[in-house]
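Student: Supplied structure: model-v6.cif, mmCIF, C-alpha atoms and all ligand atoms.
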```
data_input
loop_
_atom_site.group_PDB
_atom_site.id
_atom_site.type_symbol
_atom_site.label_atom_id
_atom_site.label_comp_id
_atom_site.auth_asym_id
_atom_site.auth_seq_id
_atom_site.Cartn_x
_atom_site.Cartn_y
_atom_site.Cartn_z
ATOM 1 C CA MET A 23 -35.637 27.713 77.520
ATOM 2 C CA PRO A 24 -34.985 30.667 79.746
ATOM 3 C CA ALA A 25 -31.878 32.783 79.713
ATOM 4 C CA ARG A 26 -29.936 32.153 82.877
ATOM 5 C CA THR A 27 -27.823 34.451 85.018
ATOM 6 C CA ILE A 28 -24.222 34.772 83.812
ATOM 7 C CA LEU A 29 -21.698 34.419 86.624
ATOM 8 C CA GLN A 30 -19.250 37.284 86.948
ATOM 9 C CA LEU A 31 -15.540 37.422 87.738
ATOM 10 C CA GLY A 32 -14.987 36.416 91.349
ATOM 11 C CA ASN A 33 -17.339 33.428 91.249
ATOM 12 C CA GLU A 34 -15.242 30.331 91.898
ATOM 13 C CA VAL A 35 -17.045 28.168 89.328
ATOM 14 C CA LEU A 36 -15.362 30.290 86.643
ATOM 15 C CA ARG A 37 -11.979 29.125 87.942
ATOM 16 C CA GLN A 38 -12.771 25.403 88.118
ATOM 17 C CA LYS A 39 -11.926 22.809 85.505
ATOM 18 C CA ALA A 40 -15.113 21.648 83.843
ATOM 19 C CA LYS A 41 -15.842 17.899 83.762
ATOM 20 C CA PRO A 42 -16.334 15.929 80.552
ATOM 21 C CA VAL A 43 -19.911 15.056 79.638
ATOM 22 C CA SER A 44 -20.601 11.325 79.499
ATOM 23 C CA LYS A 45 -22.664 9.745 76.762
ATOM 24 C CA GLY A 46 -26.394 9.759 77.434
ATOM 25 C CA MET A 47 -26.273 12.448 80.105
ATOM 26 C CA ARG A 48 -29.803 13.571 80.853
ATOM 27 C CA GLY A 49 -30.565 17.236 80.444
ATOM 28 C CA LEU A 50 -27.810 17.910 77.920
ATOM 29 C CA ARG A 51 -30.130 19.365 75.279
ATOM 30 C CA LYS A 52 -31.954 21.486 77.859
ATOM 31 C CA LEU A 53 -28.611 22.800 79.091
ATOM 32 C CA ALA A 54 -27.576 23.722 75.541
ATOM 33 C CA ASP A 55 -30.959 25.379 74.877
ATOM 34 C CA ASP A 56 -30.547 27.492 78.002
ATOM 35 C CA MET A 57 -26.998 28.373 76.948
ATOM 36 C CA PHE A 58 -28.142 29.538 73.499
ATOM 37 C CA ALA A 59 -30.906 31.611 75.115
ATOM 38 C CA THR A 60 -28.447 33.101 77.600
ATOM 39 C CA MET A 61 -25.884 33.927 74.887
ATOM 40 C CA ASP A 62 -28.540 35.509 72.670
ATOM 41 C CA ASN A 63 -30.028 37.493 75.529
ATOM 42 C CA ALA A 64 -26.575 38.937 76.251
ATOM 43 C CA GLU A 65 -25.866 39.461 72.516
ATOM 44 C CA GLY A 66 -22.746 37.346 72.907
ATOM 45 C CA VAL A 67 -20.789 35.359 70.348
ATOM 46 C CA GLY A 68 -20.205 32.348 72.588
ATOM 47 C CA LEU A 69 -20.821 30.896 76.040
ATOM 48 C CA ALA A 70 -19.378 28.093 78.151
ATOM 49 C CA ALA A 71 -21.451 26.085 80.658
ATOM 50 C CA PRO A 72 -19.375 27.180 83.703
ATOM 51 C CA GLN A 73 -20.514 30.749 82.974
ATOM 52 C CA ILE A 74 -24.039 29.737 84.039
ATOM 53 C CA GLY A 75 -22.720 27.739 86.991
ATOM 54 C CA VAL A 76 -22.595 24.313 85.331
ATOM 55 C CA PRO A 77 -19.035 22.880 85.506
ATOM 56 C CA LEU A 78 -19.393 20.657 82.434
ATOM 57 C CA GLN A 79 -17.545 20.702 79.104
ATOM 58 C CA VAL A 80 -20.244 22.240 76.928
ATOM 59 C CA ILE A 81 -19.897 25.375 74.802
ATOM 60 C CA VAL A 82 -22.050 27.249 72.318
ATOM 61 C CA VAL A 83 -20.700 29.572 69.626
ATOM 62 C CA ASP A 84 -22.327 31.985 67.190
ATOM 63 C CA ALA A 85 -19.792 33.605 64.881
ATOM 64 C CA GLU A 86 -18.791 33.620 61.212
ATOM 65 C CA ASP A 87 -22.192 32.107 60.297
ATOM 66 C CA VAL A 88 -21.579 29.091 62.536
ATOM 67 C CA ARG A 89 -24.033 28.532 65.347
ATOM 68 C CA MET A 90 -23.547 25.298 67.217
ATOM 69 C CA ALA A 91 -23.064 23.566 70.514
ATOM 70 C CA VAL A 92 -19.961 21.427 71.043
ATOM 71 C CA VAL A 93 -19.692 18.887 73.849
ATOM 72 C CA ASN A 94 -16.270 17.925 75.229
ATOM 73 C CA PRO A 95 -14.526 20.306 72.777
ATOM 74 C CA GLU A 96 -10.806 20.026 72.339
ATOM 75 C CA ILE A 97 -8.370 22.015 70.206
ATOM 76 C CA VAL A 98 -6.400 19.446 68.215
ATOM 77 C CA LYS A 99 -4.526 21.765 65.862
ATOM 78 C CA THR A 100 -3.479 25.404 65.906
ATOM 79 C CA SER A 101 -2.123 27.488 63.071
ATOM 80 C CA GLU A 102 -0.039 30.628 63.261
ATOM 81 C CA PRO A 103 -0.003 33.526 62.976
ATOM 82 C CA MET A 104 -1.132 34.786 66.317
ATOM 83 C CA VAL A 105 -3.550 37.658 65.876
ATOM 84 C CA GLU A 106 -4.089 40.330 68.513
ATOM 85 C CA ASP A 107 -7.560 41.815 68.763
ATOM 86 C CA ASP A 108 -9.807 43.271 71.415
ATOM 87 C CA GLU A 109 -11.773 40.642 73.279
ATOM 88 C CA GLY A 110 -14.564 40.791 75.825
ATOM 89 C CA CYS A 111 -16.214 38.294 78.142
ATOM 90 C CA LEU A 112 -19.815 38.009 79.303
ATOM 91 C CA SER A 113 -18.407 37.094 82.732
ATOM 92 C CA TYR A 114 -16.442 40.350 82.887
ATOM 93 C CA ALA A 115 -19.103 42.581 81.468
ATOM 94 C CA GLY A 116 -18.186 46.070 80.420
ATOM 95 C CA PHE A 117 -14.489 45.540 79.805
ATOM 96 C CA PHE A 118 -12.377 44.490 76.862
ATOM 97 C CA GLY A 119 -8.708 44.193 76.096
ATOM 98 C CA PRO A 120 -6.204 42.935 73.532
ATOM 99 C CA VAL A 121 -5.601 39.188 73.437
ATOM 100 C CA SER A 122 -3.381 37.212 71.056
ATOM 101 C CA ARG A 123 -5.018 34.097 69.626
ATOM 102 C CA TYR A 124 -4.205 31.613 66.900
ATOM 103 C CA GLN A 125 -5.736 32.700 63.623
ATOM 104 C CA SER A 126 -7.076 29.224 62.988
ATOM 105 C CA VAL A 127 -7.742 26.125 65.034
ATOM 106 C CA VAL A 128 -9.250 22.692 64.525
ATOM 107 C CA VAL A 129 -11.713 21.678 67.223
ATOM 108 C CA LYS A 130 -12.935 18.152 67.880
ATOM 109 C CA GLY A 131 -15.827 17.146 70.076
ATOM 110 C CA ARG A 132 -19.349 15.798 70.054
ATOM 111 C CA SER A 133 -22.640 17.216 68.870
ATOM 112 C CA LEU A 134 -25.688 17.182 71.134
ATOM 113 C CA ASP A 135 -26.769 13.913 69.530
ATOM 114 C CA TRP A 136 -23.324 12.521 70.209
ATOM 115 C CA LYS A 137 -21.972 12.525 66.685
ATOM 116 C CA LYS A 138 -18.260 13.209 66.326
ATOM 117 C CA VAL A 139 -17.644 16.724 65.040
ATOM 118 C CA ARG A 140 -14.478 18.304 63.715
ATOM 119 C CA ILE A 141 -14.509 22.012 62.895
ATOM 120 C CA ARG A 142 -11.818 24.082 61.202
ATOM 121 C CA ALA A 143 -12.312 27.619 62.479
ATOM 122 C CA ASN A 144 -10.691 30.850 61.346
ATOM 123 C CA ASP A 145 -10.605 34.455 62.537
ATOM 124 C CA LEU A 146 -13.445 35.389 64.907
ATOM 125 C CA LEU A 147 -14.787 31.839 65.144
ATOM 126 C CA ALA A 148 -11.295 30.566 66.014
ATOM 127 C CA ARG A 149 -11.024 33.288 68.660
ATOM 128 C CA VAL A 150 -14.381 32.354 70.162
ATOM 129 C CA PHE A 151 -13.470 28.655 70.338
ATOM 130 C CA GLN A 152 -10.184 29.464 72.079
ATOM 131 C CA HIS A 153 -12.006 31.769 74.498
ATOM 132 C CA GLU A 154 -14.717 29.204 75.332
ATOM 133 C CA ILE A 155 -12.341 26.270 75.698
ATOM 134 C CA ASP A 156 -10.276 28.450 78.029
ATOM 135 C CA HIS A 157 -13.411 28.822 80.163
ATOM 136 C CA LEU A 158 -13.567 25.021 80.502
ATOM 137 C CA ASN A 159 -10.077 25.137 81.999
ATOM 138 C CA GLY A 160 -10.868 27.972 84.373
ATOM 139 C CA THR A 161 -9.000 30.535 82.304
ATOM 140 C CA LEU A 162 -10.404 33.987 81.550
ATOM 141 C CA PHE A 163 -9.391 36.347 78.768
ATOM 142 C CA LEU A 164 -7.914 38.801 81.206
ATOM 143 C CA ASP A 165 -5.336 36.153 82.144
ATOM 144 C CA HIS A 166 -3.986 36.698 78.613
ATOM 145 C CA VAL A 167 -3.959 40.486 78.724
ATOM 146 C CA ALA A 168 -0.296 41.298 79.193
ATOM 147 C CA ASP A 169 -0.778 44.623 80.958
ATOM 148 C CA PRO A 170 -3.880 45.356 83.088
ATOM 149 C CA ASP A 171 -3.667 48.970 81.931
ATOM 150 C CA GLN A 172 -4.721 47.698 78.503
ATOM 151 C CA LEU A 173 -8.176 46.753 79.793
ATOM 152 C CA GLN A 174 -10.704 49.280 78.604
ATOM 153 C CA ARG A 175 -14.174 50.019 79.804
ATOM 154 C CA ALA A 176 -16.866 49.759 77.153
ATOM 155 C CA GLU A 177 -19.156 52.763 77.110
ATOM 156 C CA ALA A 178 -22.848 51.972 77.324
ATOM 157 C CA ASP A 179 -23.612 53.815 74.094
ATOM 158 C CA ASP A 180 -20.767 52.224 72.139
ATOM 159 C CA GLU A 181 -21.675 50.074 69.201
ATOM 160 C CA PRO A 182 -19.092 47.360 69.927
ATOM 161 C CA ASP A 183 -17.762 45.292 67.089
ATOM 162 C CA ALA A 184 -18.068 41.552 67.259
ATOM 163 C CA PRO A 185 -15.028 40.449 69.289
ATOM 164 C CA THR A 186 -15.867 42.868 72.103
ATOM 165 C CA ARG A 187 -19.477 41.684 72.252
ATOM 166 C CA GLY A 188 -18.297 39.103 74.726
ATOM 167 C CA ALA A 189 -18.223 35.351 74.862
HETATM 168 ZN ZN ZN B 1 -15.890 34.618 78.384
#
```
Could I get this structure in the form of structure tokens?

Tutor:
Amino acid sequence: MPARTILQLGNEVLRQKAKPVSKGMRGLRKLADDMFATMDNAEGVGLAAPQIGVPLQVIVVDAEDVRMAVVNPEIVKTSEPMVEDDEGCLSYAGFFGPVSRYQSVVVKGRSLDWKKVRIRANDLLARVFQHEIDHLNGTLFLDHVADPDQLQRAEADDEPDAPTRGA
């Protein structure tokens, strides 16, 4: 399960709406394995299939001790407050900026073996889910950064904290 190339800002796949996965799709587990490998290789906290050029509704997350793939994920509940924190994206490597997200969300979807899953996520995990599900709609974190001047360049020797590790 090789790490794949992560598409960068400017690639049109990142701006497309991803398609739902249908039950029994061949290659789903292989796709998820490659996504985990790609996320780990980039030391990210999440990844969406469009970021490796596959316009399907599949995400992987690795935050707050939760490591899982979710197929056809959907946010079904959001809870205030909104929390602003620095956020980065593996498809816009080297930059981060402040994004407001719901502090907690409930996500529904399917596991790789097609069981229904429902996850209540808080804090960083909630942020990662919102970021990845945005990717499935062609939205990037910088669309949420109010002022482009707030985007900062990460220095190569920085020890970035988790949200700016990218997703
Ligand atoms: Zn991203």

Student: Mind giving me the straight-line distance from CA of Glu154 in chain A to CA of Gly49 in chain A in Å, one decimal?

Tutor: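 CA of Gly49 in chain A lies at a distance of 20.5 Å from CA of Glu154 in chain A.
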
Student: List every residue of chain A that has an atom at most 7 Å from any atom of ligand ZN 1 (chain B), giving for each one its closest atom pair and the distance in Å to one decimal, counting all atoms listed in the file, sorted by chain and then by ascending residue number, as a tab-separated table.

Tutor:
```
residue	atom	partner	partner_atom	distance
A:Leu69	CA	B:ZN1	ZN	6.6
A:Gly110	CA	B:ZN1	ZN	6.8
A:Cys111	CA	B:ZN1	ZN	3.7
A:Leu112	CA	B:ZN1	ZN	5.3
A:Ser113	CA	B:ZN1	ZN	5.6
A:His153	CA	B:ZN1	ZN	6.2
A:Glu154	CA	B:ZN1	ZN	6.3
A:His157	CA	B:ZN1	ZN	6.6
A:Leu162	CA	B:ZN1	ZN	6.4
A:Phe163	CA	B:ZN1	ZN	6.7
A:Gly188	CA	B:ZN1	ZN	6.3
A:Ala189	CA	B:ZN1	ZN	4.3
```

Student: Counting only C-alpha atoms, figure out which residue out of A:Arg140, A:Ala59, A:Gly119, A:Asp171 gets nearest to Asp84 in chain A.

Tutor: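 Closest candidate: A:Ala59.
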
Student: Could you work out how far CA of Pro72 in chain A lies from CA of Asp135 in chain A, giving the answer in Å with one decimal?

Tutor: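 These two atoms are separated by 20.8 Å.
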
Student: I would like the residues chosen by the PyMOL selection byres (((chain A and resi 89-105) around 6) and not hetatm) on the shown file; could you give them as a list in words?

Tutor: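 Given this file, the PyMOL selection byres (((chain A and resi 89-105) around 6) and not hetatm) evaluates to Pro42, Gln79, Val80, Ile81, Val82, Val83, Asp84, Val88, Glu106, Ser122, Arg123, Tyr124, Gln125, Ser126, Val127, Val128, Val129, Lys130, Gly131, Arg132 and Ser133 of chain A.
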
Student: For Ala115 in chain A, find every residue with an atom within 9 Å (counting only C-alpha atoms), except residues of its own chain fewer than 6 positions away, and show them as JSON, numbers by chain.

Tutor: {"A": [30, 31, 176, 188]}

Student: Box along x, y and z, 4 Å on every side, all listed atoms of range 92-99 of chain A inside: centre and edge lengths in Å to one decimal, as lines of an AutoDock Vina configuration file.

Tutor:
```
center_x = -12.2
center_y = 20.0
center_z = 70.5
size_x = 23.4
size_y = 12.1
size_z = 17.4
```

Student: So the first atom is CA of Asp62 in chain A and the second is CA of Leu29 in chain A; what is the distance between them in Å, to one decimal place?

Tutor: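 One can read the CA of Asp62 in chain A to CA of Leu29 in chain A distance as 15.6 Å.
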
Student: Which polymer residues, protein or nucleic acid, are no farther than 7 Å from (-9.6, 35.7, 70.2), counting all atoms listed in the file, as a tab-separated table (two decimals) with C-alpha atoms, in the coordinates of the input?

Tutor:
```tsv
chain	number	residue	atom	x	y	z
A	107	ASP	CA	-7.56	41.82	68.76
A	109	GLU	CA	-11.77	40.64	73.28
A	121	VAL	CA	-5.60	39.19	73.44
A	122	SER	CA	-3.38	37.21	71.06
A	123	ARG	CA	-5.02	34.10	69.63
A	146	LEU	CA	-13.44	35.39	64.91
A	148	ALA	CA	-11.30	30.57	66.01
A	149	ARG	CA	-11.02	33.29	68.66
A	150	VAL	CA	-14.38	32.35	70.16
A	152	GLN	CA	-10.18	29.46	72.08
A	153	HIS	CA	-12.01	31.77	74.50
```

Student: Written as a list of chain:residue names, what is the full residue list that the PyMOL selection byres (((chain A and resi 160) around 10) and not hetatm) yields on the file shown?

Tutor: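 After applying the PyMOL selection byres (((chain A and resi 160) around 10) and not hetatm), what remains is A:Glu34, A:Val35, A:Leu36, A:Arg37, A:Gln38, A:Lys39, A:Ala40, A:Pro72, A:Pro77, A:Glu154, A:Ile155, A:Asp156, A:His157, A:Leu158, A:Asn159, A:Thr161, A:Leu162.
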
Student: Write the selection just made, keeping C-alpha atoms, as a CSV table (one decimal), in the frame of the given file?

Tutor:
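To be explicit, this is the file written out as result08.csv:
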```csv
chain,number,residue,atom,x,y,z
A,34,GLU,CA,-15.2,30.3,91.9
A,35,VAL,CA,-17.0,28.2,89.3
A,36,LEU,CA,-15.4,30.3,86.6
A,37,ARG,CA,-12.0,29.1,87.9
A,38,GLN,CA,-12.8,25.4,88.1
A,39,LYS,CA,-11.9,22.8,85.5
A,40,ALA,CA,-15.1,21.6,83.8
A,72,PRO,CA,-19.4,27.2,83.7
A,77,PRO,CA,-19.0,22.9,85.5
A,154,GLU,CA,-14.7,29.2,75.3
A,155,ILE,CA,-12.3,26.3,75.7
A,156,ASP,CA,-10.3,28.4,78.0
A,157,HIS,CA,-13.4,28.8,80.2
A,158,LEU,CA,-13.6,25.0,80.5
A,159,ASN,CA,-10.1,25.1,82.0
A,161,THR,CA,-9.0,30.5,82.3
A,162,LEU,CA,-10.4,34.0,81.6
```

Student: Measuring atom to atom with all atoms listed in the file, identify which of A:Ala64, A:Ala25, A:Val43, A:Leu50 is nearest to Gly116 in chain A.

Tutor: A:Ala64

Student: When you count only C-alpha atoms, which of these residues is closest to Phe117 in chain A: A:Met57, A:Asp87, A:Leu164, A:Arg48?

Tutor: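 Smallest distance to Phe117 in chain A is found for A:Leu164.
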
Student: Nearest residue to Ser44 in chain A out of A:Gln172, A:Leu134, A:Asp145, A:Val139, using all atoms listed in the file?

Tutor: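 Using all atoms listed in the file, Ser44 in chain A sits closest to A:Leu134.
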
Student: Is it possible to dump range 85-110 of chain A as a compact mmCIF listing (two decimals), in the first residue's frame, including just N, CA and C atoms?

Tutor:
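File produced: result-v9.txt:
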```
# COMPACT_ATOMS: atom_id res chain seq x y z
N ALA A 85 -6.78 11.49 14.59
CA ALA A 85 -6.70 12.59 15.56
C ALA A 85 -7.46 12.19 16.81
N GLU A 86 -7.03 12.75 17.94
CA GLU A 86 -7.72 12.47 19.22
C GLU A 86 -7.89 10.97 19.45
N ASP A 87 -6.86 10.19 19.12
CA ASP A 87 -6.87 8.73 19.32
C ASP A 87 -7.92 8.01 18.47
N VAL A 88 -8.42 8.65 17.45
CA VAL A 88 -9.34 7.99 16.52
C VAL A 88 -8.66 7.90 15.16
N ARG A 89 -8.54 6.68 14.70
CA ARG A 89 -7.94 6.46 13.37
C ARG A 89 -8.91 5.58 12.60
N MET A 90 -9.51 6.16 11.58
CA MET A 90 -10.54 5.40 10.86
C MET A 90 -10.77 5.97 9.47
N ALA A 91 -11.35 5.12 8.64
CA ALA A 91 -11.82 5.56 7.34
C ALA A 91 -13.33 5.69 7.42
N VAL A 92 -13.90 6.70 6.78
CA VAL A 92 -15.35 6.84 6.71
C VAL A 92 -15.73 7.03 5.23
N VAL A 93 -16.69 6.21 4.81
CA VAL A 93 -17.17 6.24 3.43
C VAL A 93 -18.50 7.00 3.42
N ASN A 94 -18.70 7.83 2.42
CA ASN A 94 -19.90 8.66 2.30
C ASN A 94 -20.20 9.43 3.60
N PRO A 95 -19.20 10.11 4.17
CA PRO A 95 -19.41 10.80 5.45
C PRO A 95 -20.29 12.03 5.27
N GLU A 96 -21.02 12.30 6.32
CA GLU A 96 -21.99 13.40 6.27
C GLU A 96 -22.09 13.98 7.68
N ILE A 97 -22.02 15.29 7.80
CA ILE A 97 -22.20 15.93 9.11
C ILE A 97 -23.70 16.07 9.34
N VAL A 98 -24.19 15.43 10.42
CA VAL A 98 -25.64 15.45 10.66
C VAL A 98 -26.00 16.36 11.84
N LYS A 99 -24.99 16.80 12.58
CA LYS A 99 -25.27 17.68 13.71
C LYS A 99 -24.02 18.50 13.99
N THR A 100 -24.21 19.78 14.28
CA THR A 100 -23.10 20.64 14.67
C THR A 100 -23.44 21.31 15.98
N SER A 101 -22.41 21.53 16.80
CA SER A 101 -22.64 22.21 18.06
C SER A 101 -21.69 23.38 18.21
N GLU A 102 -22.27 24.52 18.58
CA GLU A 102 -21.48 25.70 18.89
C GLU A 102 -20.73 25.42 20.18
N PRO A 103 -19.73 26.15 20.55
CA PRO A 103 -19.29 27.36 19.86
C PRO A 103 -18.43 27.06 18.63
N MET A 104 -18.25 28.10 17.83
CA MET A 104 -17.25 28.05 16.80
C MET A 104 -15.89 28.32 17.47
N VAL A 105 -14.90 27.60 17.04
CA VAL A 105 -13.56 27.75 17.60
C VAL A 105 -12.62 28.10 16.46
N GLU A 106 -11.84 29.18 16.65
CA GLU A 106 -10.87 29.55 15.63
C GLU A 106 -9.50 28.99 16.01
N ASP A 107 -8.88 28.32 15.06
CA ASP A 107 -7.53 27.80 15.31
C ASP A 107 -6.80 27.75 13.97
N ASP A 108 -5.48 27.69 14.04
CA ASP A 108 -4.71 27.57 12.82
C ASP A 108 -4.95 26.20 12.20
N GLU A 109 -5.02 26.20 10.88
CA GLU A 109 -5.31 24.97 10.15
C GLU A 109 -4.41 24.91 8.93
N GLY A 110 -3.99 23.71 8.59
CA GLY A 110 -3.18 23.52 7.39
C GLY A 110 -3.79 22.45 6.51
```
